[in-house]
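See below for the structure under consideration.
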Amino acid sequence: MALLNDDRLFPAEETTRAIARRLYDEIRGLPIVSPHGHTQAGWFARNQPFPDPVALFVQPDHYVFRMLYSQGISLEELEIGRPTINNPRKVWRLFASHYHLFRGTPTRLWLDYAFQESFGLTERLSEATADHYYDVIEAKLATPDFLPRALYERFKIEVMTTTDSALDSLADHTAIRESGWKGRILPTFRPDSVVDPEFPNFLENVGSLGALTGEDTSTWRGYLRALQSRRAAFKALGATASDHGHPTALTEDLGDTSAASLFEQVINGKAYAADLEIFRGQMLTEMARMSVEDGLVMQIHPGSVRNHNAQIFARYGCDMGADIPQATGYVEQLRPMLNRFGNEKK
Amino acid sequence: MALLNDDRLFPAEETTRAIARRLYDEIRGLPIVSPHGHTQAGWFARNQPFPDPVALFVQPDHYVFRMLYSQGISLEELEIGRPTINNPRKVWRLFASHYHLFRGTPTRLWLDYAFQESFGLTERLSEATADHYYDVIEAKLATPDFLPRALYERFKIEVMTTTDSALDSLADHTAIRESGWKGRILPTFRPDSVVDPEFPNFLENVGSLGALTGEDTSTWRGYLRALQSRRAAFKALGATASDHGHPTALTEDLGDTSAASLFEQVINGKAYAADLEIFRGQMLTEMARMSVEDGLVMQIHPGSVRNHNAQIFARYGCDMGADIPQATGYVEQLRPMLNRFGNEKK
Amino acid sequence: MALLNDDRLFPAEETTRAIARRLYDEIRGLPIVSPHGHTQAGWFARNQPFPDPVALFVQPDHYVFRMLYSQGISLEELEIGRPTINNPRKVWRLFASHYHLFRGTPTRLWLDYAFQESFGLTERLSEATADHYYDVIEAKLATPDFLPRALYERFKIEVMTTTDSALDSLADHTAIRESGWKGRILPTFRPDSVVDPEFPNFLENVGSLGALTGEDTSTWRGYLRALQSRRAAFKALGATASDHGHPTALTEDLGDTSAASLFEQVINGKAYAADLEIFRGQMLTEMARMSVEDGLVMQIHPGSVRNHNAQIFARYGCDMGADIPQATGYVEQLRPMLNRFGNEKK
């Protein structure tokens, strides 16, 4: 018995399936270049074992616990948001006995792949197999083959990037570099917390940005220099891109005087909601300008409405499975930025 | 010759077709649970024969006459909106001679199914077969096998719900219960006419709601109690759900004082169009609250622009084939209601 | 070797492919009726040879040069926008050496079809085959078989329409008629330049409309008569349709007094942006009214955001590959016009 069908992601129809197999056979052995790896540099800096199956598969994956929550299982029962998990086996059994909920989801495709390919499991996860899974996974996680760096090598990763706040000290990335390990883990510059005035603790974050860079971020000039300085620090550790999660794709191209004046309003808490959106739009154009200068590839992923569930947000904070995609426009929204920099050959 | 191909709704590709057939064979014999049956309780209460093919297939189906109208056949010719049909055979011939217009539509799939499976007809409806169809259908409708209750049983229906105005006396549902017949026809609570201030005769409807329940619906408290009372009456006759047709999915969560004050403006005709939309949004949240209390499942189907053709509406009224679906948002729109009740386990 | 696979536009799955082939075999020999031909009447009026491969395939096709521009090739290198091309062979080689960029695009489907079917070429266009292509195409273009009228006949065209400004004298169409040639090239009435106040040189255009028709287009009545007069001139040369490229599908149905007053504001430059959109909407309804009267079929294609790239627009003008489709609504937008004329049997 196997958890996976070799053709599971291919078309059912034989002609196109044969083409899909042929194409896949050509590339399946290639090394992985992962530009948005959803991993943390600290894993590779410290290279410690993952503690248990729950800490690896349930706690950090909001797709998993959001599904369970939708069926009435409380986040308390799943011990989400706790510094340490009191009873990981109990949480695992709860997850396992609801695994049928994931039928037909990308989450199960992904989990079954990991269970079979990395852990050698061949019977479906269920209430009946919960303890067997727990024991096998826990035992393997304790072996050297399952340390983060060993997994990186086993998976034939050539390069993988993390996503890091503009305020991150990049200490983990520095540690990886200095460790002599050959794996390439590169940071990606994510400045949402210091360019979006509606980000939690925005003003405090802008202050921290000043402290980190030695710039006076209470002025427009100093603020821009601080951002450039952080981008340079990221680039020095191998960053090739920036990443911007905005509510919409709106960009603006205010003149420098207006932009400076808007920044002053924002920083003094005197801007209206509409102005905050304009400020975010202006900052995308500023980021584009810096990208033309320093060569970091600019990635925008707008349209996520974040923290949709007020109760979950109040109790557990950001990124707890309460983000919902929303339609957003690009044609008029990107126009100001593209008219400023879209014809640049660089 | 047959009107239907057994595989007509399955994929053309053999592998997936075989899977579809296998799945269908497993479930095709199961009884039907129809949660939105597009039927009337009166049919089953009175159990009278359907009078003729036109009264069964043309008059009540706005998909049929809207298609004919789009090709220049007037609703007068089709005798739409008349209490009795003067010349049903003439209308049937008109319909039959335009049946080619329905090629490739769900309407034809559905009609051909009824023609073949219920009436044993095997040649396509056309000008040439019009009279044959008319005679066969008319004759069968007069037999006991084609009375509404007999059809309910022949189709192996386990339960079917109607959709009923909050102002409906539910006399037909009561009559079914009292008749001793074993068929399960349940009402669904549809309060659009008393919660949407732009519904025709809204103020009069709210008055009738008061008369029906003995509550003073000129006050917010009395109005809410009247709605609760109607919901209880529906539930007592087996209702398991409410159904809400709003122009958009907007919900609101005003405080109780603001809601009461908005109700007063609305009921006194002093609210602006934007306020009317806010009132509808507030009422969805009130309905959600009552659902948490009484357990009726809440169904929202927003986004229909109704009575788009002013000329048809002026002459024939609502539900005459002039409704058009329109894009509507859900992410921000449902947020107020979900933040109020979305984490309820009930 | 062939550039084209006979099944290239058919489904991969054998059952549906066989049906597609059968349907296509039934209709592939039929003459072509081309209601939106993207050609110019002048080609057929003058019947001169196309000068060279670049003037035929690169210069007039913004899908071609926009793709090349997106990969960093400047419009200068491609000699776009020049009255004569200095070095067409050099431009052709540049195009040929980037032909791989068109893999999987409709542009390549179309070009390969022309290369193989009209010019007998069988090796893919590339840097290596660039000169061979250039020589073959150039030589054939100089022969009588490749004159516009000969191609019209070879392609078995029964009728083809051009799209012409309301201000076009239609001299080319008149010349075709008077030449005795049997080909049917019909004009289509496109009034954007005189009904959209944001069209470049709108006021000047309305003046030209007056001059062309002998009407006083500074008054609402005279302006409408002038448009009717142009429609009649188009119809006299065989036009069967009008064509309207508006930013949105908005229509309006102002009373005649309000419409006249809005026209006065627009013509005196005293209207706000929102009013300009309302004026365009009113003009769609006026065009619908004239269509009911003169029988020209009205075609609306809204939703193109034009001249998105300000730099390209400033240097090269309209229609240079910088138009982007945008979502637009139809349900509420078309309602005023449909409620005015949508029930007309004509």
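Each chain in the structure tokens gets a letter, A, B, ..., in the order shown, and its residues are numbered from 1; ligands are numbered from 1 in order too.
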Next item on the list: Hey, list the chain C side of the contact with chain A: 12 Å cut-off, only C-alpha atoms, answer as JSON, numbers by chain.
Entry: {"C": [11, 12, 13, 14, 15, 16, 17, 69, 70, 71, 72, 73, 74, 75, 303, 304, 305, 306, 307, 308, 309, 310, 311, 312, 313, 314, 322, 323, 324, 325, 326, 327, 328]}
Next item on the list: Please return as a PyMOL selection string: the residues of segment 36-258 of chain A that backbone DSSP assigns to helix (DSSP H, G or I).
Entry: chain A and resi 41-46+53-57+62-70+88-96+99-102+106-119+130-141+144-146+148-154+171-179+192-195+202-213+220-236+256-258
Item checked: Surrounding residues of Ser193 of chain B excluding itself and chain neighbours under 4 positions, 8 Å, only C-alpha atoms, as a PyMOL selection string -> chain B and resi 165-166+197+199-202+205
Margin query: Please report the interatomic distance between atom CA of Pro53 of chain A and atom CA of Asn5 of chain A in Å with one decimal.
Written below: 23.9 Å
